[in-house]
Structure formats: C-alpha cells, structure tokens
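Visitor: Dumping the structure here so I can ask a few things about it.
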Amino acid sequence: MSAADTVPAPRRTGALAAFVLRRPFAAVAALILIAIVAAAVLAPWLGTVDPRKLNVLPRMRPPSETAWFGSDQFGRDLYTRVVYGARVSLIVGFTVALLSVSIGLFIGLVSGYLRRLDAVVMRIMDGLMSIPGILLAIGLVAVSGASMKTVIIAITIPEIPRVVRLVRAVVLSVREEPYVEAAISVGTRLPLILVRHILPNCIPPLIVQATYVAASAMLTEALLSFLGAGTPPEIPSWGNMMAEGRIFFPIAPWIVLIPGCALALTILSVNVLGDGLRDRLDPKIAKRM
Amino acid sequence: MTAPVLSVENLTVRLPAGGDRANAVTDLSLTVAPGEIVCVVGESGSGKSVTAHSVMGLLPKGQLTPSSGRILLEGEDVLAASPARLRDLRGTRMAMIFQEPMTALNPVLKVGDQIDEVLRIHTPMSAAERRARVLEIMDAVRLPDPARMIDAYPHQLSGGQRQRIMIAQALVLDPALLIADEPTTALDVTTQAQILKLVAEMQTRRNTGVLFITHDFGVVAEIADRVVVMQHGRVVEQGDRETVLREPREAYTKMLIASVPSITPPERPPVSGPIVLETDKLSKTYGSTGFFAGKGRVVKAAADVDLRLRRGETLGVVGESGSGKSTVARCIARLIDPSAGAIRLSGVDIATMPERELRPHRRNVQVVFQDPYRSLNPRRTVGDSIIEGPTNFGLSKTDALARARDLMGLVGLSPDALDRYPHQFSGGQRQRICIARALAMEPQLLIADEAVSALDVSVQAQVLRLLDDVRKRFDLAVLFITHDLRVAAQVCDRIMVMQNGSVVEEGATRDVFAAPKHPYTKALFEAAPGREFGSRLTADLD
C-alpha cells in the first residue's frame, strides 16, 4: 500500500464549458445578467441623457428611432431612465443578499453549534419572520424618510431568519460528522471548528439562497417604490417609473410596460441562474425537487 | 441431479467508460439447484451485488449493461425478458431481500399491507384469502402474534422483525429462487443467527434455491451448501463449502480465509503497567429536559460503568447495538457529557471539567472512528488533518509536518501523500490516516470505536496489525469498542460485555471466551456465525 495506489484527482479544467453545455438556460441567464450589470455601471456612456431632465415638448412619445423606449409624461427619456433604474434594482438586490447572508451566516453558525443559545435565537428569528417586510418598510419610511438605505434595511431584516434557518440546518447535520468530533478531540477551539470544518459546508447552499434573496429583494424594492414607500422619486427606479406612469397606462402603456419588462427579465435571469447553480452545487437537492 | 433453478452462463456486465475497470462482472457462470444455498462471497467491489441485481433485472439503466451471457431462471432467459414479463417473474418466481431492513420497507404502510401488495398484484385471490395467506406466512417466518402485527407499521418493529417481514414478503408466493443481498449485515449477531436459521429453514421446507450474497466467512460457514468466491468481477473459485473453506485452492481464497480472525483468543500475559484510565459509576442518561419536553421517557444509555485500563493494555468493550459501548467511549473522550460518575485520566477526574480546563487533557485521549469516509474532512488535505492537533498545542507548522511525515511512514503510507485529499484514498488507507492523526497527539489512551468494522476482512487484518504495532511501540492503553467477537478475541487483553447500558461480565479475554458466566454472554457466543470454522484456523496477529 503506497501513494501509488491512490486514485488520481478528477481534473477541474473545463468546468465552465461543462456548465454551459449542461445548463444552457443558466448560462444564457448569466449572460443577460452580465449585460444588465454592465449597462447599469456604464449608464452615462450608453447614449443616455440626464435622466432627470424634463422636456415639455416631447411628452409621452411612443418608442421610435431617436428615442428607443419613447418618453414619459414629463418628456424624460425612458431609455435613459430604464438604464439608470437598473442601478437601483441591482444595488438593492446585491446589498440585501450580501447583508442578509453574512448576518444570517454568523447567527446560524453560532446558534446551530451552541445549543444553549439556539432556543432563544431561533425564537427571536421566528419573531422577525412574522414581520411583513412591506409594513416594516412603510413604518421605517414614516420614521426616517424615504431613502435607499431604509429600503435595504427593511427588506434585509425579514430575510435574515430564512438564511439563519438554512445555515442552522447544515450546522446541525455537519456537527455530528466524525471529522468534527475528531477536531474537538485534538483540541481545536470552537471558532476554528466553525470556520474550518463547518462553514465550508454552508457555502454552496448559501450561494444559491443568495440569488433567491436578491431576486425577491428586487421585487420588493419595486413594490415599495410603486407604493411610494421606497426609493425617493428623484432617483429613477423601475418601481417609481411604473407608479408614475400608471394613470397614463391607457394612452401611453410603454411607460409602465418597459420598466416592468426590465424588472421581470432581471428577476427571471437571477432565478434561473440560481436554479442552475443549485443543480451544479447541490445535486442531491436538485433531484428531490 | 434436477435441473437448476438458476443458471448464469458467461455473464459479463459492462461498467460505464472511465471506471477503474471495464466490466463490473466478467464471464461469470454459476448455478443454483432447488433447495440449495449458494453463497457468493467477496470483498467490496468484487461484483457480487451486481450479479444479484442482474439476475433480478434491477441494474440501474444506462449505467450497467449486461453485454453478453445468459441468465436462465428455470430455463427462461431473464436478460431477454420484456419489462412486463420481468415484473411478473419478480415476486412469483424469484424474490430478493436486501441489506437494510429500515429502508426496504415503506414507513407509511402497515407491514401486513406490504406483504398483501405482492398477492394483490400477482394473484386473483380475494381480500379474505389474501389476509389468511399473509397471516400464514407471517407465522411461518416466526413473527410473534401475526394477528396483531399485521397492522403494525415498520417503525414499531425491531430490525430483526423487519427483516422477517421482508422475508415473508419475498416468500409469500413460493418463488423458486430467493436472492439475499447481505441480509444480516445490518443486524446484531443474535438477530443474525435467528435470521440465518430462518432462511435455512424456509429454504429446506419450501425447496427454494437461495443465492446468498455476503462478505462474512462466518455466515458462509454457517449456511452455505456451495460457495462462489469473487474478486474484481471474476469468479476466483467455486465448490462445496467444506472444500472451499478447508482446502482452498486459490491464493486469494486462502488469503481471505486466513484474514478472518479466529474466535479462539491467544494466550496473553496480564498487563501490569500503571493505570491510565479509570471510570467510577460512569452513567449517561438521555431524557427529556428542557422547556417543551415535559415528563417523557428516560433512557439509560450507560449505567454505573466501572472500568480500569492500564498502560499497554487493550480493553475490549463488546456488545450489540444499543448496549451503550459507544456511549461509554464518547463520554471518556468527552464528546458527550456524562450524567454522573467519574472519569479519571492518570488520576485526574475529567468527567465534569469545563471545556477550558479540559483542553490540555484532550490530547491524551484520541479516537479512531468507525466510518473512514466521514472521519476526515473531505475539503482538507490529509496533511492538514494530521497537523491540526499538534499545531493547536503550539507546535510550529514545519515541526508538525515533519512529525506527520514520520507518522505516515509508520502507518504504512507514503509521506508524499500528505498533500492529497481523503477521496484519493481507499477506506483502509483512510483508517491508517486517522490512526496517524491520533498518534500525532502523542496520546496515552487510544479509543478505537468500531474502527475496523467498516473494512473488508483483508484490510481489517492489516489495520488490526497496525493498531497492535502502535500499541506496543508507544505503550498505549487501547479501549477497543467492537461488536465483532472474532476481532475482540484477537486483540483484547481483557473484555467487558455490555447489555442495555450495563456491564454484565468482565474478565481476561481467554477466561471469558473459555467459560462465559452471564447468560447474555453465552447467548452472544452461541450466535457468532461459523464458530467451528474459525477455531481451526489461526490468524496470528502477533
């Protein structure tokens, strides 16, 4: 028995190519998403004008060669506003996902491992979960005024418990693994056990969860803005645009439809990409679903 | 001679491309006559289960394909049969029982209905007739009180009873061929003995041909009429039981048989080193505590266990599942907190020590676990796993790595393999790595918790020899937890037999094996399969 008997490690080259071939929908979704992110970042250089510039003459023009998406009731260029609006959705989606995953990961790890804390922490999480995000947002806006920060906080808080539950479930199953017990018996301290042996098992499901959180955060942001409790009206966001265009829908439907389509496309892409990642990272769950 | 029930002719089953060999089974031929038990024996990966599944037509589609040969069941080629015909044959002409009685039964259906289902599908019998037939077969497989048990759910039955339900289900239509795929591997020895007796009895009474898949030569010695030895998908040797077991022709068969530990313990001088470990009325109670629990059942997993272990000595803790042997080990390693009693490590009581004070003592007690596939973190190199402990206690990474290289050599692996990942090693190699990880801590006490139970016999013998080597070399005290009496006989100086959380008998291994006093110990020894067979062979571990 020697090292020569051991099985060679499977090669990891071509993993990207394999992903594209086996999950073409997820690959297309990833491409669309990259395009949307690029558009949001490069907005000022993409043939846009000032998104806030009012223009009385060309009001509610339908889409045409000069103004691709037409203009709204104040004569603002809709193409410009849709491109800039992507910024809001993406920032909210990304920030909420990052915040809720990192806070949830920490709480989940600790509460899953320390049984004494567990009961208390999980009851608090149950409490948080029962707060409707929309209501919390309206409350926060009433207290501190409409801003992107308020929206992000309001959406993040109810998402945290979902992440905590996911992480805790992984921790509860992994902590019984003999290799964790072996680490305990060689005297590894608790923080190191969590980071070294337990955390890596939480990452794949968390990446997947993060995509779902991002998608749902974008939707909630749009909804809040539509209700007037979200992004302040001076910042172009897809929700705002739809809210402002709503009463003109019968005569200028594009004002509502175009941002609506942009929102739908973005969320669909994120979700499809999430499904693809789930199949790739966690084949067991994928089969069960 | 009557026509065989089953005749497999030159069967070859292809593996998917990119495997470690081209065929799962190559050019296999065997026959099973009516009323005959043919044991197919081999180590993991020998192709014995694939053979069984091919006969049943249960190979996973698209992964394993029989590429040539014939499987004749009473003259009819199973490989050529249509799916509908196969379904018909399964149940009526051939039936299979599986290893895991916990998962092979549907947990949400009553066991009676699960037997009844076979009759409903394959016969035109009325409900009343079927019920009578189910009761009859349940009685035949010696299930107590069939009239009551027919309405029980699987979780209400013990493992042995579930396996009896499986057998009843398989035999209810009197198939000509019964395939048993390691049916007793998941069971305790005493239950195993009953099930083996039952299979033999049913087979004689109904003249069924039995194809019995096993890895255990004890079982072969107990039950087989003929034996087929397989390795790497090929038949190495076949013949009747006496010939194969007593006068094996092939080197591989000889090696396999020689690897089976003898049940007769060798002479061992008493050990007189200083006491390393002593427990005093050690108890662990699982019960309902906490806010929502209320007053529930209290389970005594271990009750008043007193043990004493000297330096250089191996103490075997023997018992069936649920006897509390692992609980004791886990309490001593402080992986769980004991409910009462003292654990003295070289005189210091660690039973109730808080984690912070306990830490320096942890290095003195190291554990090798049962499952080699789960005891190493799959995402870390084996080197990282081995040096984790020493670096925890302040050794520099370079020094720890140097020690790890030495230890790899000591456990018979190449020091260059330190930067590989666990999945690149076989089960036996991983168990060696786990031993190296334990030794890196320079412990006084090594706990082997069923450390060789998941290994094939030939690998098991090597790992046992390694454990014995390191015990001598480092003058370790070893607490050896096992359910396998043969292994215990060979490695332990003293043994302690546990039942339902209590120690029922303790003494020098030779004395206990020669003259067991407690009725439970006697029952345990009675149940060990193939006792006569092992005692004539001596697998010398020294």
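Letters A, B, ... go to the chains of the structure tokens in the order shown; residues in each chain start at 1; ligands are counted from 1 in the same order.
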Would you mind listing what lies within 12 Å of Cys202 in chain A as a PyMOL selection string, with only C-alpha atoms counted and same-chain residues fewer than 2 positions away left out?

Guide: chain A and resi 101-102+104-106+108-109+112+163-175+194-200+204-210+281-282

Visitor: Show me, as a PyMOL selection string, every residue of chain B with an atom at most 7 Å from chain A, counting only C-alpha atoms.

Guide: chain B and resi 333+335+359+362-363+366-367+369+374-377+389+392+412-414+417+424-425

Visitor: Export, as a compact mmCIF listing (two decimals), in the first residue's frame, the selected residues with N, CA and C atoms.

Guide:
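The result, stored in part32.txt:
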# COMPACT_ATOMS: atom_id res chain seq x y z
N ALA B 333 -14.06 10.26 25.92
CA ALA B 333 -13.41 11.24 25.06
C ALA B 333 -14.03 12.61 25.26
N LEU B 335 -16.80 13.67 24.23
CA LEU B 335 -17.54 14.18 23.08
C LEU B 335 -18.99 14.40 23.50
N ARG B 359 -9.09 21.16 27.95
CA ARG B 359 -8.36 21.17 26.69
C ARG B 359 -6.98 20.51 26.79
N ARG B 362 -7.32 16.81 26.60
CA ARG B 362 -7.88 16.21 25.38
C ARG B 362 -6.83 15.45 24.57
N ARG B 363 -5.61 16.00 24.55
CA ARG B 363 -4.59 15.37 23.71
C ARG B 363 -4.23 13.97 24.19
N GLN B 366 -7.36 9.98 22.32
CA GLN B 366 -7.65 10.17 20.91
C GLN B 366 -8.55 9.04 20.40
N VAL B 367 -9.37 9.37 19.41
CA VAL B 367 -10.38 8.42 18.94
C VAL B 367 -10.17 8.09 17.47
N PHE B 369 -12.54 6.60 14.57
CA PHE B 369 -13.97 6.32 14.42
C PHE B 369 -14.23 5.20 13.44
N ARG B 374 -16.15 9.30 6.65
CA ARG B 374 -16.64 10.53 7.26
C ARG B 374 -15.72 11.06 8.34
N SER B 375 -14.65 10.35 8.66
CA SER B 375 -13.82 10.84 9.76
C SER B 375 -12.73 11.80 9.33
N LEU B 376 -12.61 12.04 8.03
CA LEU B 376 -11.66 13.06 7.59
C LEU B 376 -12.44 14.13 6.84
N ASN B 377 -12.11 15.39 7.11
CA ASN B 377 -12.79 16.49 6.42
C ASN B 377 -12.46 16.41 4.93
N GLY B 389 -4.10 18.93 15.13
CA GLY B 389 -3.98 18.78 16.58
C GLY B 389 -2.68 19.35 17.12
N ASN B 392 -2.54 22.99 17.21
CA ASN B 392 -3.42 23.54 18.25
C ASN B 392 -2.66 23.70 19.56
N GLY B 412 2.32 3.07 7.27
CA GLY B 412 2.42 2.35 6.01
C GLY B 412 1.93 3.10 4.80
N LEU B 413 1.99 4.43 4.85
CA LEU B 413 1.62 5.22 3.68
C LEU B 413 2.81 6.08 3.28
N SER B 414 2.80 6.53 2.02
CA SER B 414 3.91 7.35 1.56
C SER B 414 3.81 8.76 2.15
N ALA B 417 2.15 11.59 0.30
CA ALA B 417 0.70 11.65 0.09
C ALA B 417 0.03 12.68 1.00
N GLN B 424 -8.96 10.52 -2.36
CA GLN B 424 -7.96 9.82 -3.17
C GLN B 424 -7.45 8.55 -2.49
N PHE B 425 -7.99 8.25 -1.31
CA PHE B 425 -7.53 7.07 -0.58
C PHE B 425 -8.65 6.06 -0.43

Visitor: Running DSSP on the backbone, which parts of range 23-263 of chain B land in strand (DSSP E), as a PDB file with N, CA and C atoms, in the first residue's frame?

Guide:
ATOM      1  N   ASN B  23     -15.345  -4.025 -16.853  1.00  0.00           N
ATOM      2  CA  ASN B  23     -16.564  -4.748 -16.549  1.00  0.00           C
ATOM      3  C   ASN B  23     -16.777  -4.857 -15.041  1.00  0.00           C
ATOM      4  N   ALA B  24     -18.048  -4.732 -14.633  1.00  0.00           N
ATOM      5  CA  ALA B  24     -18.365  -4.956 -13.219  1.00  0.00           C
ATOM      6  C   ALA B  24     -18.283  -6.445 -12.931  1.00  0.00           C
ATOM      7  N   VAL B  25     -18.738  -7.237 -13.911  1.00  0.00           N
ATOM      8  CA  VAL B  25     -18.709  -8.685 -13.790  1.00  0.00           C
ATOM      9  C   VAL B  25     -18.187  -9.228 -15.109  1.00  0.00           C
ATOM     10  N   THR B  26     -17.232 -10.143 -15.055  1.00  0.00           N
ATOM     11  CA  THR B  26     -16.654 -10.675 -16.275  1.00  0.00           C
ATOM     12  C   THR B  26     -16.823 -12.193 -16.340  1.00  0.00           C
ATOM     13  N   ASP B  27     -17.506 -12.656 -17.374  1.00  0.00           N
ATOM     14  CA  ASP B  27     -17.550 -14.074 -17.694  1.00  0.00           C
ATOM     15  C   ASP B  27     -17.918 -14.929 -16.489  1.00  0.00           C
ATOM     16  N   LEU B  28     -19.027 -14.564 -15.857  1.00  0.00           N
ATOM     17  CA  LEU B  28     -19.407 -15.252 -14.629  1.00  0.00           C
ATOM     18  C   LEU B  28     -20.376 -16.389 -14.922  1.00  0.00           C
ATOM     19  N   SER B  29     -20.091 -17.551 -14.375  1.00  0.00           N
ATOM     20  CA  SER B  29     -21.025 -18.667 -14.515  1.00  0.00           C
ATOM     21  C   SER B  29     -21.262 -19.275 -13.147  1.00  0.00           C
ATOM     22  N   LEU B  30     -22.539 -19.513 -12.835  1.00  0.00           N
ATOM     23  CA  LEU B  30     -22.846 -20.241 -11.603  1.00  0.00           C
ATOM     24  C   LEU B  30     -24.242 -20.834 -11.726  1.00  0.00           C
ATOM     25  N   THR B  31     -24.512 -21.842 -10.918  1.00  0.00           N
ATOM     26  CA  THR B  31     -25.853 -22.430 -10.922  1.00  0.00           C
ATOM     27  C   THR B  31     -26.345 -22.560  -9.489  1.00  0.00           C
ATOM     28  N   VAL B  32     -27.662 -22.499  -9.332  1.00  0.00           N
ATOM     29  CA  VAL B  32     -28.283 -22.748  -8.040  1.00  0.00           C
ATOM     30  C   VAL B  32     -29.339 -23.830  -8.254  1.00  0.00           C
ATOM     31  N   ILE B  37     -28.306 -23.665  -1.075  1.00  0.00           N
ATOM     32  CA  ILE B  37     -27.889 -22.301  -0.756  1.00  0.00           C
ATOM     33  C   ILE B  37     -26.496 -22.075  -1.338  1.00  0.00           C
ATOM     34  N   VAL B  38     -26.421 -21.158  -2.280  1.00  0.00           N
ATOM     35  CA  VAL B  38     -25.126 -20.831  -2.871  1.00  0.00           C
ATOM     36  C   VAL B  38     -24.693 -19.470  -2.332  1.00  0.00           C
ATOM     37  N   CYS B  39     -23.562 -19.434  -1.655  1.00  0.00           N
ATOM     38  CA  CYS B  39     -23.076 -18.171  -1.116  1.00  0.00           C
ATOM     39  C   CYS B  39     -22.090 -17.545  -2.095  1.00  0.00           C
ATOM     40  N   VAL B  40     -22.351 -16.298  -2.482  1.00  0.00           N
ATOM     41  CA  VAL B  40     -21.375 -15.567  -3.274  1.00  0.00           C
ATOM     42  C   VAL B  40     -20.625 -14.670  -2.297  1.00  0.00           C
ATOM     43  N   VAL B  41     -19.333 -14.883  -2.152  1.00  0.00           N
ATOM     44  CA  VAL B  41     -18.592 -14.163  -1.134  1.00  0.00           C
ATOM     45  C   VAL B  41     -17.471 -13.381  -1.804  1.00  0.00           C
ATOM     46  N   THR B  65     -24.738  -2.358 -18.075  1.00  0.00           N
ATOM     47  CA  THR B  65     -25.471  -3.121 -19.078  1.00  0.00           C
ATOM     48  C   THR B  65     -24.837  -4.495 -19.244  1.00  0.00           C
ATOM     49  N   PRO B  66     -25.661  -5.544 -19.128  1.00  0.00           N
ATOM     50  CA  PRO B  66     -25.144  -6.878 -19.408  1.00  0.00           C
ATOM     51  C   PRO B  66     -24.793  -6.938 -20.884  1.00  0.00           C
ATOM     52  N   SER B  67     -23.532  -7.243 -21.209  1.00  0.00           N
ATOM     53  CA  SER B  67     -23.138  -7.192 -22.613  1.00  0.00           C
ATOM     54  C   SER B  67     -23.093  -8.576 -23.249  1.00  0.00           C
ATOM     55  N   SER B  68     -22.940  -9.615 -22.446  1.00  0.00           N
ATOM     56  CA  SER B  68     -23.009 -10.949 -23.045  1.00  0.00           C
ATOM     57  C   SER B  68     -23.359 -11.960 -21.971  1.00  0.00           C
ATOM     58  N   GLY B  69     -23.711 -13.164 -22.404  1.00  0.00           N
ATOM     59  CA  GLY B  69     -24.066 -14.220 -21.472  1.00  0.00           C
ATOM     60  C   GLY B  69     -25.571 -14.342 -21.316  1.00  0.00           C
ATOM     61  N   ARG B  70     -25.976 -15.341 -20.544  1.00  0.00           N
ATOM     62  CA  ARG B  70     -27.403 -15.583 -20.313  1.00  0.00           C
ATOM     63  C   ARG B  70     -27.640 -15.805 -18.831  1.00  0.00           C
ATOM     64  N   ILE B  71     -28.838 -15.429 -18.387  1.00  0.00           N
ATOM     65  CA  ILE B  71     -29.257 -15.749 -17.029  1.00  0.00           C
ATOM     66  C   ILE B  71     -30.542 -16.547 -17.149  1.00  0.00           C
ATOM     67  N   LEU B  72     -30.477 -17.839 -16.880  1.00  0.00           N
ATOM     68  CA  LEU B  72     -31.653 -18.681 -17.058  1.00  0.00           C
ATOM     69  C   LEU B  72     -32.312 -18.946 -15.711  1.00  0.00           C
ATOM     70  N   LEU B  73     -33.560 -18.486 -15.588  1.00  0.00           N
ATOM     71  CA  LEU B  73     -34.346 -18.767 -14.395  1.00  0.00           C
ATOM     72  C   LEU B  73     -35.336 -19.851 -14.786  1.00  0.00           C
ATOM     73  N   GLU B  76     -35.746 -19.950 -18.431  1.00  0.00           N
ATOM     74  CA  GLU B  76     -36.166 -18.764 -19.174  1.00  0.00           C
ATOM     75  C   GLU B  76     -35.105 -17.673 -19.053  1.00  0.00           C
ATOM     76  N   ASP B  77     -34.714 -17.071 -20.178  1.00  0.00           N
ATOM     77  CA  ASP B  77     -33.645 -16.077 -20.140  1.00  0.00           C
ATOM     78  C   ASP B  77     -34.164 -14.736 -19.612  1.00  0.00           C
ATOM     79  N   MET B  94     -39.000 -15.354  -8.598  1.00  0.00           N
ATOM     80  CA  MET B  94     -37.784 -15.012  -7.856  1.00  0.00           C
ATOM     81  C   MET B  94     -38.091 -13.809  -6.976  1.00  0.00           C
ATOM     82  N   ALA B  95     -37.372 -13.725  -5.858  1.00  0.00           N
ATOM     83  CA  ALA B  95     -37.617 -12.625  -4.939  1.00  0.00           C
ATOM     84  C   ALA B  95     -36.302 -12.267  -4.287  1.00  0.00           C
ATOM     85  N   MET B  96     -36.239 -11.033  -3.765  1.00  0.00           N
ATOM     86  CA  MET B  96     -34.962 -10.580  -3.228  1.00  0.00           C
ATOM     87  C   MET B  96     -35.172  -9.961  -1.848  1.00  0.00           C
ATOM     88  N   ILE B  97     -34.239 -10.206  -0.954  1.00  0.00           N
ATOM     89  CA  ILE B  97     -34.248  -9.464   0.309  1.00  0.00           C
ATOM     90  C   ILE B  97     -32.958  -8.651   0.403  1.00  0.00           C
ATOM     91  N   LEU B 177     -36.596 -19.084  -6.591  1.00  0.00           N
ATOM     92  CA  LEU B 177     -35.272 -18.564  -6.271  1.00  0.00           C
ATOM     93  C   LEU B 177     -35.393 -17.384  -5.309  1.00  0.00           C
ATOM     94  N   LEU B 178     -34.602 -17.426  -4.246  1.00  0.00           N
ATOM     95  CA  LEU B 178     -34.555 -16.302  -3.322  1.00  0.00           C
ATOM     96  C   LEU B 178     -33.148 -15.713  -3.381  1.00  0.00           C
ATOM     97  N   ILE B 179     -33.066 -14.404  -3.620  1.00  0.00           N
ATOM     98  CA  ILE B 179     -31.763 -13.761  -3.626  1.00  0.00           C
ATOM     99  C   ILE B 179     -31.652 -12.936  -2.352  1.00  0.00           C
ATOM    100  N   ALA B 180     -30.612 -13.175  -1.590  1.00  0.00           N
ATOM    101  CA  ALA B 180     -30.431 -12.450  -0.336  1.00  0.00           C
ATOM    102  C   ALA B 180     -29.141 -11.650  -0.447  1.00  0.00           C
ATOM    103  N   ASP B 181     -29.275 -10.323  -0.472  1.00  0.00           N
ATOM    104  CA  ASP B 181     -28.098  -9.473  -0.639  1.00  0.00           C
ATOM    105  C   ASP B 181     -27.672  -8.942   0.725  1.00  0.00           C
ATOM    106  N   GLY B 209     -34.317 -22.382  -4.056  1.00  0.00           N
ATOM    107  CA  GLY B 209     -32.894 -22.169  -4.281  1.00  0.00           C
ATOM    108  C   GLY B 209     -32.530 -20.789  -3.753  1.00  0.00           C
ATOM    109  N   VAL B 210     -31.411 -20.682  -3.057  1.00  0.00           N
ATOM    110  CA  VAL B 210     -31.048 -19.389  -2.480  1.00  0.00           C
ATOM    111  C   VAL B 210     -29.687 -18.930  -2.993  1.00  0.00           C
ATOM    112  N   LEU B 211     -29.661 -17.707  -3.498  1.00  0.00           N
ATOM    113  CA  LEU B 211     -28.387 -17.095  -3.868  1.00  0.00           C
ATOM    114  C   LEU B 211     -28.081 -16.084  -2.773  1.00  0.00           C
ATOM    115  N   PHE B 212     -27.075 -16.345  -1.967  1.00  0.00           N
ATOM    116  CA  PHE B 212     -26.846 -15.574  -0.760  1.00  0.00           C
ATOM    117  C   PHE B 212     -25.556 -14.774  -0.915  1.00  0.00           C
ATOM    118  N   ILE B 213     -25.693 -13.456  -0.940  1.00  0.00           N
ATOM    119  CA  ILE B 213     -24.527 -12.596  -1.115  1.00  0.00           C
ATOM    120  C   ILE B 213     -24.008 -12.191   0.262  1.00  0.00           C
ATOM    121  N   THR B 214     -22.731 -12.373   0.515  1.00  0.00           N
ATOM    122  CA  THR B 214     -22.208 -11.958   1.817  1.00  0.00           C
ATOM    123  C   THR B 214     -20.717 -11.658   1.723  1.00  0.00           C
ATOM    124  N   ARG B 226     -22.919 -24.457  -1.229  1.00  0.00           N
ATOM    125  CA  ARG B 226     -21.781 -24.243  -2.126  1.00  0.00           C
ATOM    126  C   ARG B 226     -21.324 -22.805  -2.018  1.00  0.00           C
ATOM    127  N   VAL B 227     -20.083 -22.550  -2.370  1.00  0.00           N
ATOM    128  CA  VAL B 227     -19.505 -21.218  -2.212  1.00  0.00           C
ATOM    129  C   VAL B 227     -18.918 -20.767  -3.547  1.00  0.00           C
ATOM    130  N   VAL B 228     -19.182 -19.505  -3.897  1.00  0.00           N
ATOM    131  CA  VAL B 228     -18.555 -18.898  -5.070  1.00  0.00           C
ATOM    132  C   VAL B 228     -17.741 -17.712  -4.566  1.00  0.00           C
ATOM    133  N   VAL B 229     -16.436 -17.738  -4.782  1.00  0.00           N
ATOM    134  CA  VAL B 229     -15.591 -16.637  -4.309  1.00  0.00           C
ATOM    135  C   VAL B 229     -15.335 -15.702  -5.481  1.00  0.00           C
ATOM    136  N   MET B 230     -15.603 -14.413  -5.292  1.00  0.00           N
ATOM    137  CA  MET B 230     -15.409 -13.445  -6.376  1.00  0.00           C
ATOM    138  C   MET B 230     -14.358 -12.407  -6.021  1.00  0.00           C
ATOM    139  N   GLN B 231     -13.643 -11.940  -7.029  1.00  0.00           N
ATOM    140  CA  GLN B 231     -12.703 -10.832  -6.865  1.00  0.00           C
ATOM    141  C   GLN B 231     -12.675 -10.056  -8.170  1.00  0.00           C
ATOM    142  N   ARG B 234     -14.675 -11.296 -11.172  1.00  0.00           N
ATOM    143  CA  ARG B 234     -14.480 -12.640 -11.715  1.00  0.00           C
ATOM    144  C   ARG B 234     -14.638 -13.676 -10.616  1.00  0.00           C
ATOM    145  N   VAL B 235     -15.044 -14.873 -11.022  1.00  0.00           N
ATOM    146  CA  VAL B 235     -15.109 -15.971 -10.072  1.00  0.00           C
ATOM    147  C   VAL B 235     -13.686 -16.490  -9.871  1.00  0.00           C
ATOM    148  N   VAL B 236     -13.244 -16.504  -8.625  1.00  0.00           N
ATOM    149  CA  VAL B 236     -11.901 -16.987  -8.340  1.00  0.00           C
ATOM    150  C   VAL B 236     -11.939 -18.489  -8.126  1.00  0.00           C
ATOM    151  N   GLU B 237     -12.969 -18.905  -7.415  1.00  0.00           N
ATOM    152  CA  GLU B 237     -13.020 -20.312  -7.033  1.00  0.00           C
ATOM    153  C   GLU B 237     -14.455 -20.648  -6.690  1.00  0.00           C
ATOM    154  N   GLN B 238     -14.940 -21.830  -7.078  1.00  0.00           N
ATOM    155  CA  GLN B 238     -16.212 -22.278  -6.530  1.00  0.00           C
ATOM    156  C   GLN B 238     -16.190 -23.756  -6.253  1.00  0.00           C
ATOM    157  N   GLY B 239     -16.993 -24.144  -5.276  1.00  0.00           N
ATOM    158  CA  GLY B 239     -17.009 -25.550  -4.891  1.00  0.00           C
ATOM    159  C   GLY B 239     -17.898 -25.714  -3.684  1.00  0.00           C
ATOM    160  N   ASP B 240     -17.988 -26.933  -3.146  1.00  0.00           N
ATOM    161  CA  ASP B 240     -18.851 -27.056  -1.971  1.00  0.00           C
ATOM    162  C   ASP B 240     -18.160 -26.475  -0.746  1.00  0.00           C
TER     163      ASP B 240
END

Visitor: Which residues come within 6 Å of range 323-326 of chain B, counting only C-alpha atoms, excluding same-chain residues fewer than 4 positions away, as a PyMOL selection string?

Guide: chain B and resi 301-302+319+498-501

Visitor: Output N, CA and C atoms of each residue in that selection to a file, as a PDB file, in the first residue's frame.

Guide:
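As a result, again_0.pdb now contains:
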ATOM      1  N   ALA B 301     -28.406   5.169  28.748  1.00  0.00           N
ATOM      2  CA  ALA B 301     -27.522   4.668  27.699  1.00  0.00           C
ATOM      3  C   ALA B 301     -26.324   3.956  28.321  1.00  0.00           C
ATOM      4  N   ALA B 302     -25.904   4.427  29.484  1.00  0.00           N
ATOM      5  CA  ALA B 302     -24.834   3.752  30.205  1.00  0.00           C
ATOM      6  C   ALA B 302     -25.142   3.904  31.689  1.00  0.00           C
ATOM      7  N   GLY B 319     -20.541  -5.634  22.639  1.00  0.00           N
ATOM      8  CA  GLY B 319     -21.980  -5.611  22.862  1.00  0.00           C
ATOM      9  C   GLY B 319     -22.694  -5.349  21.559  1.00  0.00           C
ATOM     10  N   MET B 498     -21.201  -5.644  27.421  1.00  0.00           N
ATOM     11  CA  MET B 498     -22.260  -4.723  27.838  1.00  0.00           C
ATOM     12  C   MET B 498     -23.600  -5.109  27.234  1.00  0.00           C
ATOM     13  N   GLN B 499     -24.653  -4.878  28.028  1.00  0.00           N
ATOM     14  CA  GLN B 499     -26.006  -5.085  27.535  1.00  0.00           C
ATOM     15  C   GLN B 499     -26.892  -4.015  28.146  1.00  0.00           C
ATOM     16  N   ASN B 500     -27.690  -3.361  27.332  1.00  0.00           N
ATOM     17  CA  ASN B 500     -28.609  -2.320  27.802  1.00  0.00           C
ATOM     18  C   ASN B 500     -27.958  -1.310  28.748  1.00  0.00           C
ATOM     19  N   GLY B 501     -26.749  -0.899  28.440  1.00  0.00           N
ATOM     20  CA  GLY B 501     -26.109   0.145  29.223  1.00  0.00           C
ATOM     21  C   GLY B 501     -25.319  -0.337  30.423  1.00  0.00           C
TER      22      GLY B 501
END

Visitor: Could you check how far CA of Asp469 in chain B sits from CA of Arg494 in chain B, in Å to one decimal?

Guide: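 Atom-to-atom, CA of Asp469 in chain B and CA of Arg494 in chain B are spaced 17.8 Å apart.
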
Visitor: Find the spatial neighbours of range 61-76 of chain A, counting only C-alpha atoms, within a cut-off of 10 Å - ignore same-chain residues fewer than 4 positions away - and output them as an MDAnalysis selection string.

Guide: chainID A and resid 48:57 80:82 241 244:245 248 251:256 258:259

Visitor: State, in Å with one decimal place, the distance from CA of Pro232 in chain A to CA of Ala146 in chain A.

Guide: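 If I compute the distance from CA of Pro232 in chain A to CA of Ala146 in chain A, I get 5.5 Å.
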